[in-house]
Amino acid sequence: MVFEIRPARPADAVGVAQVWAAVMPHLVKSARAIETELRGGRSRVILIAVDGPDVVGYSNLYLPEAGVAGARVRITVQVPPSYRERGIGTALLTAISAEAVTAGAGRLLVAVAEDSKAFAEKRGFELGRRMSHAAADLREARDPIAPPAGVRLATYEELEPRQVFDAEIQVRDDDPSGFSGGPAYDEWVKVSWNNPDIRRDLSFAVLDGDGVLSFVTTTADPDRGVIWSNLTGTIPSARGRGLAKVVKSHALAAARDAGFVTASTGNDAGNLPMLAVNKWLGYRTTSGAWTAEKAL
């Protein structure tokens with residue numbers, strides 16, 4: 001095999017989606033959504049490995065904020081099992097690490113699947129936090145919980161993007177894994193709010209007046225009957241009231257009623273409140289991964 005590492009282009013979206021499907025089939029990540037990211041994203045560097053017309057590996061770098069020297073930055077390196085042991089992962093890691101150095105980063109943060117721990121450790125990464133992936137059978141979804149008195153429930157179809165964004169930025173940094181960051185508002189609207197995989201009718205928020213207190217963003221793959229909880233969060237001032245259970249129970253019930261059969265999600269293993277909500281909702285652990293870090 002003779003492969004080349006190069007920047008991804010919108011025309012590569014189908015091949016990139018195939019890589020994600022081979023490595024993380026529980027995710028909802030369609031070619032249309034990836035094309036949207038490649039056209040509208042400015043906060044990431046995305047490199048792929050290609051062998052002729054075939055995309056055989058993927059990597060990305062979330063760029064640090066301007067003027068922040070030595071920052072920890074998130075990266076991704078994905079190679080389908082059928083293409084491993086050919087140097088593709090090493091080449092992608094080397095290339096994306098060089099991009100991180102150019103951007104002024106000081107440390108790398110990556111999610112490592114169980115079958116890739118040895119690869120990461122051999123290349124100087126130190127394993128950190130445990131993460132889990134879980135799934136629930138929507139045919140057994142619980143009846144949704146009514147919101148407490150004084151607040152109201154709404155789908156994203158009833159909201160403006162700024163309302164959701166203002167809540168999201170309050171919870172991003174609370175994810176102990178470090179993987180819930182996101183871009184500034186204008187880019188977020190292009191690649192997140194306008195993500196073709198988002199089902200706004202299956203994404204819910206609890207509001208006090210016009211302010212979002214808790215929310216769940218749902219992406220969906222109708223062909224497979226799968227939904228993915230892209231992010232669930234409650235702003236700090238509204239925690240301890242069971243609001244995450246409210247929004248997520250409504251999302252799962254709505255997905256069931258829309259004909260979906262499986263709900264998938266991912267969590268840091270130390271996020272005990274969210275894990276408790278998911279257990280109550282019927283999620284069961286299906287696989288795991290680790291955070292891993294390396295100094296540049």
# chains A, B, ... in the order shown; residues from 1 in each chain; ligands from 1
$ select_by_dssp --residues "segment 141-264 of chain A" --states "strand (DSSP E)" --output "PyMOL selection string"
chain A and resi 152-155+204-208+211-221+226-234+262-264
$ residues_around --residues "Phe215 of chain A" --least-positions-apart "3" --cutoff "9 Å" --atoms "only C-alpha atoms" --output "ChimeraX atom specification"
/A:164,167-168,203-207,212,231-234,243-244,247-248
$ write_last_selection --atoms "N, CA, C and O atoms" --output "PDB file, in the first residue's frame"
ATOM      1  N   VAL A 164     -29.532  27.982  22.881  1.00  0.00           N
ATOM      2  CA  VAL A 164     -28.841  26.720  23.151  1.00  0.00           C
ATOM      3  C   VAL A 164     -27.345  26.955  23.339  1.00  0.00           C
ATOM      4  O   VAL A 164     -26.717  26.407  24.257  1.00  0.00           O
ATOM      5  N   ALA A 167     -26.296  28.239  26.761  1.00  0.00           N
ATOM      6  CA  ALA A 167     -26.278  27.194  27.784  1.00  0.00           C
ATOM      7  C   ALA A 167     -25.100  26.246  27.578  1.00  0.00           C
ATOM      8  O   ALA A 167     -24.435  25.838  28.539  1.00  0.00           O
ATOM      9  N   GLU A 168     -24.824  25.913  26.323  1.00  0.00           N
ATOM     10  CA  GLU A 168     -23.744  24.965  26.040  1.00  0.00           C
ATOM     11  C   GLU A 168     -22.393  25.472  26.545  1.00  0.00           C
ATOM     12  O   GLU A 168     -21.608  24.707  27.114  1.00  0.00           O
ATOM     13  N   SER A 203     -34.488  16.876  20.086  1.00  0.00           N
ATOM     14  CA  SER A 203     -33.583  17.594  20.986  1.00  0.00           C
ATOM     15  C   SER A 203     -34.430  18.502  21.869  1.00  0.00           C
ATOM     16  O   SER A 203     -35.262  19.257  21.366  1.00  0.00           O
ATOM     17  N   PHE A 204     -34.210  18.432  23.181  1.00  0.00           N
ATOM     18  CA  PHE A 204     -35.098  19.099  24.130  1.00  0.00           C
ATOM     19  C   PHE A 204     -34.319  20.006  25.074  1.00  0.00           C
ATOM     20  O   PHE A 204     -33.124  19.787  25.333  1.00  0.00           O
ATOM     21  N   ALA A 205     -35.042  21.002  25.585  1.00  0.00           N
ATOM     22  CA  ALA A 205     -34.473  21.910  26.588  1.00  0.00           C
ATOM     23  C   ALA A 205     -35.540  22.247  27.615  1.00  0.00           C
ATOM     24  O   ALA A 205     -36.733  22.287  27.315  1.00  0.00           O
ATOM     25  N   VAL A 206     -35.091  22.479  28.853  1.00  0.00           N
ATOM     26  CA  VAL A 206     -35.932  23.044  29.903  1.00  0.00           C
ATOM     27  C   VAL A 206     -35.529  24.500  30.055  1.00  0.00           C
ATOM     28  O   VAL A 206     -34.335  24.820  30.154  1.00  0.00           O
ATOM     29  N   LEU A 207     -36.530  25.393  30.066  1.00  0.00           N
ATOM     30  CA  LEU A 207     -36.266  26.826  30.114  1.00  0.00           C
ATOM     31  C   LEU A 207     -36.955  27.474  31.304  1.00  0.00           C
ATOM     32  O   LEU A 207     -38.044  27.066  31.722  1.00  0.00           O
ATOM     33  N   VAL A 212     -32.192  28.818  28.695  1.00  0.00           N
ATOM     34  CA  VAL A 212     -32.096  27.363  28.757  1.00  0.00           C
ATOM     35  C   VAL A 212     -31.359  26.951  30.028  1.00  0.00           C
ATOM     36  O   VAL A 212     -30.246  27.408  30.297  1.00  0.00           O
ATOM     37  N   LEU A 231     -24.729  15.898  23.184  1.00  0.00           N
ATOM     38  CA  LEU A 231     -24.326  16.584  24.409  1.00  0.00           C
ATOM     39  C   LEU A 231     -25.556  16.773  25.273  1.00  0.00           C
ATOM     40  O   LEU A 231     -26.602  17.211  24.794  1.00  0.00           O
ATOM     41  N   THR A 232     -25.424  16.410  26.550  1.00  0.00           N
ATOM     42  CA  THR A 232     -26.460  16.665  27.547  1.00  0.00           C
ATOM     43  C   THR A 232     -25.839  17.504  28.635  1.00  0.00           C
ATOM     44  O   THR A 232     -24.741  17.183  29.120  1.00  0.00           O
ATOM     45  N   GLY A 233     -26.499  18.582  29.029  1.00  0.00           N
ATOM     46  CA  GLY A 233     -25.908  19.437  30.057  1.00  0.00           C
ATOM     47  C   GLY A 233     -26.952  20.257  30.800  1.00  0.00           C
ATOM     48  O   GLY A 233     -28.017  20.560  30.273  1.00  0.00           O
ATOM     49  N   THR A 234     -26.616  20.615  32.033  1.00  0.00           N
ATOM     50  CA  THR A 234     -27.424  21.516  32.852  1.00  0.00           C
ATOM     51  C   THR A 234     -26.507  22.614  33.361  1.00  0.00           C
ATOM     52  O   THR A 234     -25.410  22.325  33.873  1.00  0.00           O
ATOM     53  N   LEU A 243     -33.167  17.994  36.077  1.00  0.00           N
ATOM     54  CA  LEU A 243     -33.548  18.502  34.763  1.00  0.00           C
ATOM     55  C   LEU A 243     -32.945  17.686  33.620  1.00  0.00           C
ATOM     56  O   LEU A 243     -33.571  17.560  32.554  1.00  0.00           O
ATOM     57  N   ALA A 244     -31.741  17.153  33.806  1.00  0.00           N
ATOM     58  CA  ALA A 244     -31.148  16.316  32.750  1.00  0.00           C
ATOM     59  C   ALA A 244     -32.001  15.074  32.511  1.00  0.00           C
ATOM     60  O   ALA A 244     -32.173  14.636  31.362  1.00  0.00           O
ATOM     61  N   VAL A 247     -35.062  16.233  30.275  1.00  0.00           N
ATOM     62  CA  VAL A 247     -34.837  16.437  28.834  1.00  0.00           C
ATOM     63  C   VAL A 247     -34.482  15.132  28.142  1.00  0.00           C
ATOM     64  O   VAL A 247     -34.954  14.858  27.025  1.00  0.00           O
ATOM     65  N   LYS A 248     -33.689  14.310  28.803  1.00  0.00           N
ATOM     66  CA  LYS A 248     -33.259  13.093  28.126  1.00  0.00           C
ATOM     67  C   LYS A 248     -34.385  12.063  28.057  1.00  0.00           C
ATOM     68  O   LYS A 248     -34.495  11.325  27.064  1.00  0.00           O
TER      69      LYS A 248
END
$ closest_residue --among "A:Ala135, A:Gly104, A:Tyr83, A:Ala120" --to "Gly282 of chain A" --atoms "only C-alpha atoms"
A:Ala135
$ atom_distance --atom1 "atom CA of Gly240 of chain A" --atom2 "atom CA of Val216 of chain A"
16.4 Å
$ closest_residue --among "A:Gly182, A:Gly288, A:Pro176, A:Pro196" --to "Gly266 of chain A" --atoms "only C-alpha atoms"
A:Gly288
$ closest_residue --among "A:Asp223, A:Asp210, A:Glu99, A:Glu4" --to "Gly57 of chain A" --atoms "only C-alpha atoms"
A:Glu4
$ residues_around --residues "Leu47 of chain A" --least-positions-apart "5" --cutoff "6 Å" --atoms "only C-alpha atoms" --output "list in words"
Arg6, Pro7, Ala8 and Ser59 of chain A
$ write_last_selection --atoms "C-alpha atoms" --output "PDB file, in the first residue's frame"
ATOM      1  CA  ARG A   6      -3.185  15.419   2.954  1.00  0.00           C
ATOM      2  CA  PRO A   7      -5.818  17.927   4.134  1.00  0.00           C
ATOM      3  CA  ALA A   8      -9.406  16.718   3.875  1.00  0.00           C
ATOM      4  CA  SER A  59      -7.025  12.747  12.001  1.00  0.00           C
TER       5      SER A  59
END
$ select_by_dssp --residues "segment 52-159 of chain A" --states "helix (DSSP H, G or I)" --output "JSON, numbers by chain"
{"A": [81, 82, 83, 88, 89, 90, 91, 92, 93, 94, 95, 96, 97, 98, 99, 100, 101, 102, 114, 115, 116, 117, 118, 119, 120, 121, 122, 138, 139, 140, 156, 157, 158]}
$ write_last_selection --atoms "C-alpha atoms" --output "mmCIF file, in the first residue's frame"
data_model
loop_
_atom_site.group_PDB
_atom_site.id
_atom_site.type_symbol
_atom_site.label_atom_id
_atom_site.label_comp_id
_atom_site.auth_asym_id
_atom_site.auth_seq_id
_atom_site.Cartn_x
_atom_site.Cartn_y
_atom_site.Cartn_z
ATOM 1 C CA PRO A 81 -9.178 -2.207 11.573
ATOM 2 C CA SER A 82 -8.703 -3.549 8.040
ATOM 3 C CA TYR A 83 -6.010 -0.935 7.323
ATOM 4 C CA ILE A 88 -1.067 4.793 8.584
ATOM 5 C CA GLY A 89 -1.824 5.631 12.215
ATOM 6 C CA THR A 90 1.787 6.558 12.914
ATOM 7 C CA ALA A 91 1.943 8.780 9.837
ATOM 8 C CA LEU A 92 -1.295 10.544 10.761
ATOM 9 C CA LEU A 93 -0.193 11.043 14.369
ATOM 10 C CA THR A 94 3.149 12.462 13.232
ATOM 11 C CA ALA A 95 1.471 14.861 10.804
ATOM 12 C CA ILE A 96 -1.226 16.091 13.186
ATOM 13 C CA SER A 97 1.335 16.480 15.994
ATOM 14 C CA ALA A 98 3.422 18.696 13.716
ATOM 15 C CA GLU A 99 0.322 20.829 13.094
ATOM 16 C CA ALA A 100 -0.162 21.121 16.853
ATOM 17 C CA VAL A 101 3.419 22.281 17.338
ATOM 18 C CA THR A 102 2.969 24.871 14.586
ATOM 19 C CA GLU A 114 -9.326 -0.416 24.266
ATOM 20 C CA ASP A 115 -7.728 -2.001 21.194
ATOM 21 C CA SER A 116 -5.464 1.029 20.668
ATOM 22 C CA LYS A 117 -3.979 1.449 24.146
ATOM 23 C CA ALA A 118 -0.690 -0.215 23.218
ATOM 24 C CA PHE A 119 -0.368 1.980 20.121
ATOM 25 C CA ALA A 120 -0.791 5.140 22.203
ATOM 26 C CA GLU A 121 1.485 4.119 25.050
ATOM 27 C CA LYS A 122 4.240 3.064 22.623
ATOM 28 C CA LEU A 138 -35.791 2.394 22.843
ATOM 29 C CA ARG A 139 -38.577 -0.177 22.769
ATOM 30 C CA GLU A 140 -38.184 -0.187 26.546
ATOM 31 C CA TYR A 156 -35.072 22.858 19.527
ATOM 32 C CA GLU A 157 -37.643 23.573 16.828
ATOM 33 C CA GLU A 158 -39.049 26.216 19.188
#
